[in-house]
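All remarks here apply to the structure that follows.
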Amino acid sequence: MGVISCYIDLVKDAVSSPEIMEDIRVIEKQTKNVQKVVRDLLKLTRQKQVISGKCSINDVVTEAIKVFQAQSASKEIRLTAQLQAGLSLIKCDAGILEQILTNIWINAFDALQETGGEIRISTRSVADRDEVLLCIEDTGPGIPEQILGQIFDPFFTTKQVGKGTGLGLAVVYGFINDIGGRIEVESHETTCFSIYFPIAGDQARTGAE
């Protein structure tokens, strides 16, 4: 795939026709899609990792929301956030947390992009456990009860052919297991993913106010 991407760049430099350039952009887009599928497959089949990184969940969420707001602006999707200040650092590398956020966001965004609606992101400490809770909730059509238990299975998807690989939530589930956390999903009037992150051992507190 790297070789194909390299030659795409070479061809782009040699082409001046707008029509041909548009075809090249389609090839480039699909190549990137295939690269993402390959990366997700590699993540899915990798051995269990010991993840030693830590981060401020509010800092990572705040940066991710900037990207999500830009995506939702043209789709009549309202994004709200309620982040509890002073949260402990969580036992999760910032890059992995970004991937978790993005994969769940994509599902919420896809559920609302035809009809519009609201996505709510919140963080808070869990009083009786050494955990920080991240919730991502959307007002979409929901997940049918009969398939709720399958959504973390590899290659399971309800999207049309070519619209999803069925790997996003499976990768998220793998990451959460690797860090010793847990993930729960409820779908009634809204669909809510609740992710419980263990806090870092030093109990340091930081985060967006």
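Ordering of the structure tokens sets the chain letters (A, B, ...); residue numbers start at 1 within each chain; ligands are numbered from 1 in the order shown.
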Next item on the list: Using DSSP on the backbone coordinates, identify the residues of range 44-209 of chain A assigned to alpha helix (DSSP H); present them as number ranges by chain.
Entry: A: 44-45, 57-72, 94-112, 168-178
_Run DSSP on the backbone and tell me which residues of chain A come out as strand (DSSP E or B); list them as a PyMOL selection string._
chain A and resi 55+77-83+88+90+117-126+131-138+182-187+191-199+205
Can I get the selection written as a PDB file, in the first residue's frame, with C-alpha atoms?
ATOM      1  CA  CYS A  55      -2.712  11.060  30.216  1.00  0.00           C
ATOM      2  CA  ILE A  77     -25.377  17.635  14.738  1.00  0.00           C
ATOM      3  CA  ARG A  78     -24.997  19.437  18.052  1.00  0.00           C
ATOM      4  CA  LEU A  79     -22.047  18.461  20.198  1.00  0.00           C
ATOM      5  CA  THR A  80     -22.022  19.195  23.921  1.00  0.00           C
ATOM      6  CA  ALA A  81     -19.403  18.408  26.545  1.00  0.00           C
ATOM      7  CA  GLN A  82     -19.474  18.261  30.332  1.00  0.00           C
ATOM      8  CA  LEU A  83     -15.995  17.534  31.696  1.00  0.00           C
ATOM      9  CA  SER A  88      -6.890  11.949  38.068  1.00  0.00           C
ATOM     10  CA  ILE A  90      -5.790   7.775  33.617  1.00  0.00           C
ATOM     11  CA  GLY A 117     -29.360  15.333  16.543  1.00  0.00           C
ATOM     12  CA  GLU A 118     -27.075  15.605  19.533  1.00  0.00           C
ATOM     13  CA  ILE A 119     -23.913  13.922  20.759  1.00  0.00           C
ATOM     14  CA  ARG A 120     -23.005  14.401  24.417  1.00  0.00           C
ATOM     15  CA  ILE A 121     -19.524  13.726  25.785  1.00  0.00           C
ATOM     16  CA  SER A 122     -18.876  13.733  29.517  1.00  0.00           C
ATOM     17  CA  THR A 123     -16.201  12.729  32.023  1.00  0.00           C
ATOM     18  CA  ARG A 124     -16.368  12.236  35.767  1.00  0.00           C
ATOM     19  CA  SER A 125     -14.705  10.341  38.571  1.00  0.00           C
ATOM     20  CA  VAL A 126     -16.302   7.180  39.924  1.00  0.00           C
ATOM     21  CA  GLU A 131     -11.714   4.936  37.872  1.00  0.00           C
ATOM     22  CA  VAL A 132     -12.587   7.796  35.561  1.00  0.00           C
ATOM     23  CA  LEU A 133     -15.718   7.455  33.447  1.00  0.00           C
ATOM     24  CA  LEU A 134     -16.020   8.649  29.846  1.00  0.00           C
ATOM     25  CA  CYS A 135     -19.514   8.685  28.342  1.00  0.00           C
ATOM     26  CA  ILE A 136     -20.362   9.264  24.674  1.00  0.00           C
ATOM     27  CA  GLU A 137     -24.121   9.462  24.088  1.00  0.00           C
ATOM     28  CA  ASP A 138     -26.108  10.125  20.910  1.00  0.00           C
ATOM     29  CA  ARG A 182     -14.236  -1.867  31.002  1.00  0.00           C
ATOM     30  CA  ILE A 183     -16.808  -0.690  28.494  1.00  0.00           C
ATOM     31  CA  GLU A 184     -20.594  -0.846  28.658  1.00  0.00           C
ATOM     32  CA  VAL A 185     -23.281   0.187  26.170  1.00  0.00           C
ATOM     33  CA  GLU A 186     -26.963   0.973  26.676  1.00  0.00           C
ATOM     34  CA  SER A 187     -29.426   1.797  23.922  1.00  0.00           C
ATOM     35  CA  THR A 191     -27.283   5.157  22.814  1.00  0.00           C
ATOM     36  CA  CYS A 192     -24.571   5.585  25.426  1.00  0.00           C
ATOM     37  CA  PHE A 193     -21.077   4.097  25.512  1.00  0.00           C
ATOM     38  CA  SER A 194     -19.610   4.188  29.031  1.00  0.00           C
ATOM     39  CA  ILE A 195     -15.878   3.554  29.322  1.00  0.00           C
ATOM     40  CA  TYR A 196     -14.232   3.112  32.719  1.00  0.00           C
ATOM     41  CA  PHE A 197     -10.505   3.911  32.788  1.00  0.00           C
ATOM     42  CA  PRO A 198      -8.295   2.925  35.739  1.00  0.00           C
ATOM     43  CA  ILE A 199      -6.482   5.916  37.174  1.00  0.00           C
ATOM     44  CA  ARG A 205      -4.752  15.260  39.338  1.00  0.00           C
TER      45      ARG A 205
END
Pick from A:Met1, A:Ala64, A:Cys6, A:Ala127: nearest to Asn33 in chain A, with only C-alpha atoms counted?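 Between A:Met1, A:Ala64, A:Cys6, A:Ala127, the residue approaching Asn33 in chain A most closely is A:Met1.
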Requested in this report: Considering only C-alpha atoms, return as a PyMOL selection string whatever protein or nucleic-acid residues lie within 9 Å of Leu97 in chain A, sequence-local ones (same chain, fewer than 2 positions apart) excluded.
Outcome: chain A and resi 55+57+60-61+92-95+99-102+175
Keeping only N, CA, C and O atoms, write the selected residues as a tab-separated table (two decimals), in the first residue's frame.
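Wrote it out as selection25.tsv, contents follow:
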chain	number	residue	atom	x	y	z
A	55	CYS	N	-2.37	9.76	30.80
A	55	CYS	CA	-2.71	11.06	30.22
A	55	CYS	C	-3.86	11.70	30.99
A	55	CYS	O	-4.52	11.05	31.80
A	57	ILE	N	-7.42	12.78	30.70
A	57	ILE	CA	-8.54	12.47	29.82
A	57	ILE	C	-9.20	13.75	29.30
A	57	ILE	O	-9.58	13.84	28.14
A	60	VAL	N	-7.19	15.37	26.37
A	60	VAL	CA	-7.33	14.64	25.10
A	60	VAL	C	-8.73	14.82	24.53
A	60	VAL	O	-8.90	15.06	23.33
A	61	VAL	N	-9.74	14.73	25.38
A	61	VAL	CA	-11.13	14.91	24.92
A	61	VAL	C	-11.33	16.32	24.37
A	61	VAL	O	-11.98	16.51	23.33
A	92	CYS	N	-3.72	5.27	30.41
A	92	CYS	CA	-3.97	5.10	28.98
A	92	CYS	C	-3.13	6.10	28.21
A	92	CYS	O	-3.14	7.30	28.54
A	93	ASP	N	-2.41	5.62	27.22
A	93	ASP	CA	-1.63	6.52	26.37
A	93	ASP	C	-2.56	7.46	25.63
A	93	ASP	O	-3.64	7.07	25.19
A	94	ALA	N	-2.14	8.71	25.45
A	94	ALA	CA	-3.00	9.71	24.79
A	94	ALA	C	-3.36	9.29	23.37
A	94	ALA	O	-4.49	9.49	22.92
A	95	GLY	N	-2.41	8.69	22.65
A	95	GLY	CA	-2.69	8.25	21.27
A	95	GLY	C	-3.74	7.17	21.22
A	95	GLY	O	-4.61	7.17	20.32
A	99	GLN	N	-7.69	7.22	19.59
A	99	GLN	CA	-8.28	6.20	18.71
A	99	GLN	C	-9.61	5.70	19.26
A	99	GLN	O	-10.57	5.48	18.50
A	100	ILE	N	-9.68	5.51	20.57
A	100	ILE	CA	-10.93	5.07	21.20
A	100	ILE	C	-12.03	6.11	20.96
A	100	ILE	O	-13.15	5.79	20.54
A	101	LEU	N	-11.70	7.37	21.22
A	101	LEU	CA	-12.67	8.46	21.01
A	101	LEU	C	-13.14	8.52	19.57
A	101	LEU	O	-14.34	8.64	19.29
A	102	THR	N	-12.19	8.44	18.65
A	102	THR	CA	-12.52	8.58	17.23
A	102	THR	C	-13.41	7.44	16.75
A	102	THR	O	-14.40	7.67	16.04
A	175	PHE	N	-8.43	-2.45	23.16
A	175	PHE	CA	-7.67	-1.45	23.90
A	175	PHE	C	-8.12	-1.36	25.35
A	175	PHE	O	-7.28	-1.29	26.27
- Item | Test item: residues at most 7 Å from Phe152 in chain A, only C-alpha atoms, excluding those fewer than 5 positions along its chain, as a count of residues only | 3
| request: Could you please determine the separation between CA of Asn103 in chain A and CA of Val172 in chain A in Å, to one decimal place? | output: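 Calculated distance between CA of Asn103 in chain A and CA of Val172 in chain A is 7.2 Å.
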If you count only C-alpha atoms, the residue of A:Ile24, A:Ile96, A:Leu112, A:Ile147 closest to Gly174 in chain A turns out to be A:Ile96
Selected residue of minimal separation from Tyr7 in chain A among A:Glu98, A:Glu28, A:Glu63, A:Asp23, counting only C-alpha atoms:
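That would be A:Glu28, the residue with the smallest distance to Tyr7 in chain A.
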